[in-house]
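These notes concern the structure reproduced below.
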2 protein chains.
Amino acid sequence: MLPRVYLAGPDVFLPEAAARAEALKLICCRHGLTGVSPLEALAGEPDAPALSEAARIHRRNEAHMRGCAALIANLTPFRGPSADVGTAYEIGFMRALGRPVFGYATTARRFAARTVAFLGAAAVLDAAGKWRDAEGMLIEDFGLFDNLMLDCAIADSGGSLVVADADEARWTDLALFEQCVRAAARSLGSQTNVDSIPT
Amino acid sequence: MLPRVYLAGPDVFLPEAAARAEALKLICCRHGLTGVSPLEALAGEPDAPALSEAARIHRRNEAHMRGCAALIANLTPFRGPSADVGTAYEIGFMRALGRPVFGYATTARRFAARTVAFLGAAAVLDAAGKWRDAEGMLIEDFGLFDNLMLDCAIADSGGSLVVADADEARWTDLALFEQCVRAAARSLGSQTNVDSIPT
């Protein structure tokens, strides 16, 4: 059985979410991994009519994660300077289970620069030379890609982060995802299913 | 020994972060809990000069969480419609460890309404009557407070969520936090340290 990897990200909100999930799963398969989308049903999922749709999605996603050997997260900033909070939640969840987390994003811009740009005129330098927002709250600047908990979790978990500018295809790019899958497959010791994979 | 609770939230970015942490810890103490701030040193923390500051903070916070019986999260929206991603990460982490998560926020406005307001003219209703952003991405609307993974994690963990409008004191309000602490103390079976606690 191929190692299973959970595909986290706000991709589930795309108009073509199902097609996107299939494209990601195909790439996983080519690299010897089984991609598990948050959209798919759980094998043997009990019928729970008493649960709300939100509660069913939540339980299914946690069950999917428990059944996966690793997580691949789309960290492309979502409606603000940071990654989607559902994705951040899932990274923390898998990290606590001790499983490797891999991340990719279609911008190379660092967290501090993104936050300053997001805040615009509200971002100000304080007397100590640190950026703060209009409420005086510090803009985290460790030269990382996002909040330190995300970057450091990926590093500590044995995973890796792939980021590059792909502004024309912010939510549809597959090349960075494939780089990330390649790293996950190596880490999980998978055999690829293709003779030659474009580098 | 009093049960330990980890105090997650973007409060660490406040100009008066240390004073805020002390105020929160005092409230915890009054309710028979030991509040653990992300800002505080780890007892017996090994000197790790080779690590970056970010990596040291990350490892310390994960160790703090592993040593806590529950998590109390400030979910007040932070630079966008959702909670801080570092906080979302920590909720996922504690949830995977099977520990209860409690949340509070100083706005009662729901996630969908906040997101539509954040997007402004970019939010549009599609033919099916669902809100989408300028990229066509769905605006999640389950009538919840934030992304369903956060709300449902809190509910499934045995925790609870306390939200109310406190716009004048978005980051300094203590009353909602105290309500949250009271719920955590009940859940953890703590004896309060005060004769009478204001309701």
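In the structure tokens, chains take letters A, B, ... by order of appearance, with residues numbered from 1 within each chain and ligands from 1 in the order shown.
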
Residues of segment 48-158 of chain A that have any atom at most 12 Å from an atom of segment 76-94 of chain B: could you tabulate them with the shortest-distance atom pair and the distance in Å to one decimal, using only C-alpha atoms, ordered by chain and increasing number, as a Markdown table?
| residue | atom | partner | partner_atom | distance |
| --- | --- | --- | --- | --- |
| A:His58 | CA | B:Gly92 | CA | 11.6 |
| A:Asn61 | CA | B:Gly92 | CA | 11.9 |
| A:Glu62 | CA | B:Gly92 | CA | 9.8 |
| A:Met65 | CA | B:Gly92 | CA | 11.4 |
| A:Leu75 | CA | B:Val85 | CA | 10.9 |
| A:Pro77 | CA | B:Val85 | CA | 10.9 |
| A:Phe78 | CA | B:Gly80 | CA | 9.2 |
| A:Arg79 | CA | B:Gly80 | CA | 6.5 |
| A:Gly80 | CA | B:Gly80 | CA | 5.1 |
| A:Pro81 | CA | B:Arg79 | CA | 7.5 |
| A:Ser82 | CA | B:Val85 | CA | 6.9 |
| A:Ala83 | CA | B:Val85 | CA | 7.0 |
| A:Asp84 | CA | B:Val85 | CA | 7.5 |
| A:Val85 | CA | B:Val85 | CA | 5.3 |
| A:Gly86 | CA | B:Ala88 | CA | 7.3 |
| A:Thr87 | CA | B:Tyr89 | CA | 8.3 |
| A:Ala88 | CA | B:Tyr89 | CA | 4.8 |
| A:Tyr89 | CA | B:Gly92 | CA | 4.4 |
| A:Glu90 | CA | B:Gly92 | CA | 5.9 |
| A:Ile91 | CA | B:Tyr89 | CA | 6.3 |
| A:Gly92 | CA | B:Phe93 | CA | 4.3 |
| A:Phe93 | CA | B:Gly92 | CA | 4.3 |
| A:Met94 | CA | B:Phe93 | CA | 7.4 |
| A:Arg95 | CA | B:Phe93 | CA | 6.7 |
| A:Ala96 | CA | B:Phe93 | CA | 5.1 |
| A:Leu97 | CA | B:Phe93 | CA | 8.2 |
| A:Gly98 | CA | B:Phe93 | CA | 10.2 |
| A:Arg99 | CA | B:Phe93 | CA | 11.8 |
| A:Phe111 | CA | B:Val85 | CA | 12.0 |
| A:Arg114 | CA | B:Arg79 | CA | 11.3 |
| A:Thr115 | CA | B:Arg79 | CA | 8.4 |
| A:Val116 | CA | B:Arg79 | CA | 10.7 |
| A:Ala117 | CA | B:Arg79 | CA | 11.7 |
| A:Phe118 | CA | B:Arg79 | CA | 8.3 |
| A:Leu119 | CA | B:Arg79 | CA | 8.0 |
| A:Gly120 | CA | B:Arg79 | CA | 11.8 |
| A:Ala122 | CA | B:Arg79 | CA | 11.3 |
| A:Ala123 | CA | B:Arg79 | CA | 11.6 |
| A:Arg132 | CA | B:Arg79 | CA | 11.9 |
| A:Asp133 | CA | B:Arg79 | CA | 9.2 |
| A:Ala134 | CA | B:Arg79 | CA | 10.7 |
| A:Glu135 | CA | B:Arg79 | CA | 10.8 |
| A:Met137 | CA | B:Phe78 | CA | 10.1 |
| A:Leu138 | CA | B:Arg79 | CA | 11.6 |
| A:Ile139 | CA | B:Arg79 | CA | 10.4 |
| A:Glu140 | CA | B:Gly86 | CA | 11.1 |
| A:Asp146 | CA | B:Val85 | CA | 8.8 |
| A:Asn147 | CA | B:Gly86 | CA | 6.0 |
| A:Leu148 | CA | B:Gly86 | CA | 7.5 |
| A:Met149 | CA | B:Gly86 | CA | 5.6 |
| A:Leu150 | CA | B:Gly86 | CA | 7.0 |
| A:Asp151 | CA | B:Gly86 | CA | 10.2 |
| A:Cys152 | CA | B:Gly86 | CA | 11.0 |
| A:Ala153 | CA | B:Tyr89 | CA | 9.3 |
| A:Ile154 | CA | B:Tyr89 | CA | 11.7 |

Problem - Separation of atom CA of Leu39 of chain B from atom CA of Ile57 of chain B in Å - result: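 Between atom CA of Ile57 of chain B and atom CA of Leu39 of chain B the gap is 8.3 Å.
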
Problem - d(atom CA of Gly44 of chain A, atom CA of Ala63 of chain A) in Å - result: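 Going from atom CA of Gly44 of chain A over to atom CA of Ala63 of chain A, I get 11.2 Å.
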
Exercise for the section: Going by DSSP on the backbone, which bits of segment 11-183 of chain A are strand (DSSP E or B)? Write them as a ChimeraX atom specification, please. Expected result: /A:34-36,70-74,101-105,124-125,131-132,138,161-163

Handout entry: Spatial neighbours of Gly136 of chain B, 12 Å, only C-alpha atoms, chain gap at least 4 places, as a ChimeraX atom specification
Key = /A:11-17,171 /B:122-127,130-132

Create the file for the chosen residues now, containing all heavy atoms and written as a CSV table (one decimal), in the first residue's frame.
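Okay, again_25.csv is ready:
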chain,number,residue,atom,x,y,z
A,11,ASP,N,-7.6,25.1,-1.0
A,11,ASP,CA,-8.0,24.7,-2.4
A,11,ASP,C,-9.4,24.1,-2.3
A,11,ASP,O,-10.1,24.2,-3.4
A,11,ASP,CB,-7.1,23.5,-2.8
A,11,ASP,CG,-5.6,23.8,-2.6
A,11,ASP,OD1,-5.2,24.0,-1.5
A,11,ASP,OD2,-4.9,23.9,-3.6
A,12,VAL,N,-9.9,23.7,-1.2
A,12,VAL,CA,-11.3,23.2,-1.1
A,12,VAL,C,-12.3,24.3,-1.3
A,12,VAL,O,-13.5,23.9,-1.6
A,12,VAL,CB,-11.6,22.5,0.3
A,12,VAL,CG1,-10.7,21.3,0.5
A,12,VAL,CG2,-11.3,23.5,1.5
A,13,PHE,N,-11.9,25.5,-1.3
A,13,PHE,CA,-12.9,26.6,-1.5
A,13,PHE,C,-12.9,27.1,-3.0
A,13,PHE,O,-13.7,27.9,-3.4
A,13,PHE,CB,-12.5,27.8,-0.6
A,13,PHE,CG,-12.5,27.5,0.8
A,13,PHE,CD1,-11.4,27.7,1.6
A,13,PHE,CD2,-13.7,27.1,1.4
A,13,PHE,CE1,-11.4,27.4,3.0
A,13,PHE,CE2,-13.7,26.8,2.8
A,13,PHE,CZ,-12.6,26.9,3.6
A,14,LEU,N,-12.0,26.5,-3.8
A,14,LEU,CA,-12.0,26.9,-5.2
A,14,LEU,C,-13.2,26.4,-5.9
A,14,LEU,O,-13.8,25.4,-5.6
A,14,LEU,CB,-10.8,26.2,-5.9
A,14,LEU,CG,-9.4,26.8,-5.6
A,14,LEU,CD1,-8.3,25.8,-6.1
A,14,LEU,CD2,-9.2,28.1,-6.3
A,15,PRO,N,-13.6,27.2,-7.0
A,15,PRO,CA,-14.8,26.8,-7.7
A,15,PRO,C,-14.6,25.4,-8.3
A,15,PRO,O,-15.6,24.6,-8.4
A,15,PRO,CB,-15.0,27.9,-8.8
A,15,PRO,CG,-13.9,28.8,-8.7
A,15,PRO,CD,-13.1,28.5,-7.4
A,16,GLU,N,-13.4,25.1,-8.7
A,16,GLU,CA,-13.1,23.8,-9.3
A,16,GLU,C,-12.4,22.9,-8.3
A,16,GLU,O,-11.4,22.2,-8.6
A,16,GLU,CB,-12.2,24.0,-10.6
A,16,GLU,CG,-12.8,24.9,-11.6
A,16,GLU,CD,-14.1,24.3,-12.2
A,16,GLU,OE1,-14.3,23.1,-12.2
A,16,GLU,OE2,-14.9,25.1,-12.8
A,17,ALA,N,-12.9,22.9,-7.1
A,17,ALA,CA,-12.2,22.2,-6.0
A,17,ALA,C,-12.0,20.7,-6.3
A,17,ALA,O,-11.0,20.1,-6.0
A,17,ALA,CB,-13.0,22.4,-4.7
A,171,TRP,N,-3.6,29.9,-7.5
A,171,TRP,CA,-4.3,28.7,-6.9
A,171,TRP,C,-4.3,27.5,-7.8
A,171,TRP,O,-4.9,26.5,-7.5
A,171,TRP,CB,-5.7,29.1,-6.5
A,171,TRP,CG,-5.8,30.2,-5.5
A,171,TRP,CD1,-6.2,31.4,-5.6
A,171,TRP,CD2,-5.4,30.0,-4.1
A,171,TRP,NE1,-6.1,32.1,-4.4
A,171,TRP,CE2,-5.6,31.3,-3.4
A,171,TRP,CE3,-4.8,29.0,-3.3
A,171,TRP,CZ2,-5.3,31.5,-2.1
A,171,TRP,CZ3,-4.5,29.2,-2.0
A,171,TRP,CH2,-4.8,30.4,-1.4
B,122,ALA,N,-15.3,43.0,-3.3
B,122,ALA,CA,-14.8,41.8,-4.0
B,122,ALA,C,-15.7,40.6,-3.7
B,122,ALA,O,-15.6,39.6,-4.4
B,122,ALA,CB,-13.4,41.5,-3.6
B,123,ALA,N,-16.5,40.7,-2.6
B,123,ALA,CA,-17.4,39.6,-2.3
B,123,ALA,C,-18.7,39.6,-3.2
B,123,ALA,O,-19.3,40.7,-3.2
B,123,ALA,CB,-17.8,39.6,-0.8
B,124,VAL,N,-19.0,38.5,-3.8
B,124,VAL,CA,-20.2,38.5,-4.7
B,124,VAL,C,-21.0,37.2,-4.4
B,124,VAL,O,-20.4,36.2,-4.1
B,124,VAL,CB,-19.8,38.6,-6.2
B,124,VAL,CG1,-19.2,39.9,-6.6
B,124,VAL,CG2,-18.7,37.5,-6.5
B,125,LEU,N,-22.3,37.4,-4.6
B,125,LEU,CA,-23.1,36.2,-4.5
B,125,LEU,C,-23.2,35.5,-5.8
B,125,LEU,O,-23.3,36.1,-6.9
B,125,LEU,CB,-24.6,36.7,-4.2
B,125,LEU,CG,-24.9,36.9,-2.7
B,125,LEU,CD1,-26.2,37.6,-2.5
B,125,LEU,CD2,-24.8,35.6,-1.9
B,126,ASP,N,-22.9,34.1,-5.8
B,126,ASP,CA,-23.0,33.4,-7.1
B,126,ASP,C,-24.4,33.0,-7.4
B,126,ASP,O,-25.4,33.3,-6.6
B,126,ASP,CB,-22.0,32.2,-7.0
B,126,ASP,CG,-22.5,31.1,-6.1
B,126,ASP,OD1,-23.6,31.1,-5.6
B,126,ASP,OD2,-21.7,30.2,-5.8
B,127,ALA,N,-24.6,32.3,-8.5
B,127,ALA,CA,-26.0,31.9,-8.9
B,127,ALA,C,-26.7,31.0,-7.9
B,127,ALA,O,-27.9,31.0,-7.9
B,127,ALA,CB,-25.9,31.2,-10.3
B,130,LYS,N,-24.4,31.6,-3.0
B,130,LYS,CA,-23.3,31.5,-2.0
B,130,LYS,C,-22.3,32.7,-2.3
B,130,LYS,O,-22.1,33.0,-3.4
B,130,LYS,CB,-22.6,30.2,-2.2
B,130,LYS,CG,-23.4,29.0,-1.8
B,130,LYS,CD,-22.7,27.7,-2.0
B,130,LYS,CE,-23.5,26.5,-1.6
B,130,LYS,NZ,-23.9,26.4,-0.2
B,131,TRP,N,-21.8,33.2,-1.2
B,131,TRP,CA,-20.8,34.2,-1.3
B,131,TRP,C,-19.4,33.7,-1.8
B,131,TRP,O,-19.0,32.6,-1.3
B,131,TRP,CB,-20.5,34.9,0.0
B,131,TRP,CG,-21.7,35.8,0.4
B,131,TRP,CD1,-22.7,35.6,1.3
B,131,TRP,CD2,-21.9,37.2,0.0
B,131,TRP,NE1,-23.5,36.6,1.4
B,131,TRP,CE2,-23.1,37.7,0.6
B,131,TRP,CE3,-21.2,38.1,-0.9
B,131,TRP,CZ2,-23.6,38.9,0.4
B,131,TRP,CZ3,-21.7,39.3,-1.1
B,131,TRP,CH2,-22.9,39.8,-0.5
B,132,ARG,N,-18.8,34.4,-2.8
B,132,ARG,CA,-17.5,34.0,-3.2
B,132,ARG,C,-16.6,35.3,-3.3
B,132,ARG,O,-17.1,36.4,-3.4
B,132,ARG,CB,-17.6,33.4,-4.6
B,132,ARG,CG,-18.3,32.0,-4.6
B,132,ARG,CD,-18.2,31.3,-5.9
B,132,ARG,NE,-18.9,30.0,-5.8
B,132,ARG,CZ,-18.2,28.9,-5.4
B,132,ARG,NH1,-16.9,28.9,-5.2
B,132,ARG,NH2,-18.9,27.7,-5.3

Exercise for the section: Grab the atom CA of Ala54 of chain B to atom CA of Leu71 of chain B distance for me, in Å with one decimal place. Expected result: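 Atom CA of Ala54 of chain B sits 21.3 Å away from atom CA of Leu71 of chain B.
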
Handout entry: Residue with smallest distance to Asp141 of chain A - pool A:Ala164, A:Ala112, A:Cys28, A:Ala128, counting only C-alpha atoms
Key = A:Ala112

Practice task
Please run DSSP on the backbone and report, as a PyMOL selection string, all residues within segment 5-106 of chain B that come out as helix (DSSP H, G or I).
Solution key: chain B and resi 10-13+17-30+53-66+85-96

Give me, as a short mmCIF file (atom, residue, chain, number, x, y, z; two decimals) with N, CA and C atoms, in the first residue's frame, all polymer residues having an atom no more than 9 Å from Val5 of chain A, counting only C-alpha atoms and skipping those fewer than 2 positions away in the same chain.
data_model
loop_
_atom_site.label_atom_id
_atom_site.label_comp_id
_atom_site.auth_asym_id
_atom_site.auth_seq_id
_atom_site.Cartn_x
_atom_site.Cartn_y
_atom_site.Cartn_z
N PRO A 3 2.14 4.97 0.81
CA PRO A 3 1.95 5.88 1.96
C PRO A 3 0.90 6.93 1.64
N LEU A 7 -3.82 16.19 2.03
CA LEU A 7 -3.60 17.39 1.20
C LEU A 7 -4.37 18.58 1.77
N CYS A 28 0.42 12.91 -6.75
CA CYS A 28 0.85 12.05 -5.63
C CYS A 28 1.06 10.62 -6.13
N LEU A 33 2.67 7.96 -3.90
CA LEU A 33 1.94 8.31 -2.68
C LEU A 33 0.43 8.29 -2.97
N THR A 34 -0.36 8.03 -1.95
CA THR A 34 -1.81 8.18 -2.07
C THR A 34 -2.19 9.52 -1.46
N GLY A 35 -2.61 10.45 -2.28
CA GLY A 35 -3.07 11.75 -1.78
C GLY A 35 -4.49 11.62 -1.24
N VAL A 36 -4.71 12.18 -0.08
CA VAL A 36 -6.04 12.13 0.55
C VAL A 36 -6.58 13.56 0.64
N SER A 37 -7.65 13.83 -0.10
CA SER A 37 -8.25 15.17 -0.11
C SER A 37 -9.26 15.31 1.03
N MET A 65 -6.58 12.61 8.67
CA MET A 65 -5.21 12.93 9.12
C MET A 65 -4.62 11.81 9.94
N GLY A 67 -5.08 8.81 9.64
CA GLY A 67 -4.76 7.70 8.74
C GLY A 67 -3.65 8.02 7.75
N CYS A 68 -3.07 9.22 7.82
CA CYS A 68 -2.03 9.61 6.87
C CYS A 68 -0.65 9.65 7.52
N ALA A 69 0.36 9.34 6.71
CA ALA A 69 1.74 9.30 7.21
C ALA A 69 2.37 10.69 7.22
N ALA A 70 1.79 11.61 6.46
CA ALA A 70 2.37 12.95 6.36
C ALA A 70 1.30 13.92 5.88
N LEU A 71 1.63 15.21 5.97
CA LEU A 71 0.72 16.25 5.49
C LEU A 71 1.45 17.15 4.50
N ILE A 72 0.76 17.49 3.43
CA ILE A 72 1.27 18.49 2.48
C ILE A 72 0.29 19.65 2.50
N ALA A 184 8.27 14.82 -0.12
CA ALA A 184 7.54 13.93 0.78
C ALA A 184 7.78 12.47 0.42
#

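Candidate residues B:Ser190, B:Thr106, B:Ser160, B:Thr172 were compared for distance to chain A, and the nearest is B:Thr172, using only C-alpha atoms.
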
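For Ala105 of chain B, the list of residues within 10 Å, based on only C-alpha atoms and with local chain neighbours fewer than 3 positions off taken out, reads Ala73, Asn74, Leu75, Thr76, Pro77, Ala83, Ala108, Arg109, Phe145, Leu161, Val162, Val163, Ala164, Asp165, Ala166, Arg170, Trp171, Asp173, Leu176, Phe177 and Cys180 of chain B.
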
Could you write out that same residue set with C-alpha atoms as an mmCIF file, in the first residue's frame?
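Output below, filename result14.cif:
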data_model
loop_
_atom_site.group_PDB
_atom_site.id
_atom_site.type_symbol
_atom_site.label_atom_id
_atom_site.label_comp_id
_atom_site.auth_asym_id
_atom_site.auth_seq_id
_atom_site.Cartn_x
_atom_site.Cartn_y
_atom_site.Cartn_z
ATOM 1 C CA ALA B 73 -7.186 30.570 22.893
ATOM 2 C CA ASN B 74 -7.783 34.219 22.054
ATOM 3 C CA LEU B 75 -9.659 33.906 18.750
ATOM 4 C CA THR B 76 -10.205 37.635 18.228
ATOM 5 C CA PRO B 77 -9.693 38.139 14.465
ATOM 6 C CA ALA B 83 -7.848 34.054 14.205
ATOM 7 C CA ALA B 108 -19.691 38.282 18.280
ATOM 8 C CA ARG B 109 -19.814 38.723 14.510
ATOM 9 C CA PHE B 145 -17.492 31.815 14.603
ATOM 10 C CA LEU B 161 -16.398 29.222 23.066
ATOM 11 C CA VAL B 162 -17.204 32.637 24.584
ATOM 12 C CA VAL B 163 -17.686 35.534 22.171
ATOM 13 C CA ALA B 164 -19.231 38.968 22.619
ATOM 14 C CA ASP B 165 -18.801 42.462 21.241
ATOM 15 C CA ALA B 166 -16.204 44.405 23.184
ATOM 16 C CA ARG B 170 -10.530 44.482 21.492
ATOM 17 C CA TRP B 171 -7.182 43.322 22.900
ATOM 18 C CA ASP B 173 -10.820 42.931 27.619
ATOM 19 C CA LEU B 176 -14.593 37.286 28.299
ATOM 20 C CA PHE B 177 -11.288 35.666 29.120
ATOM 21 C CA CYS B 180 -13.520 31.162 29.459
#
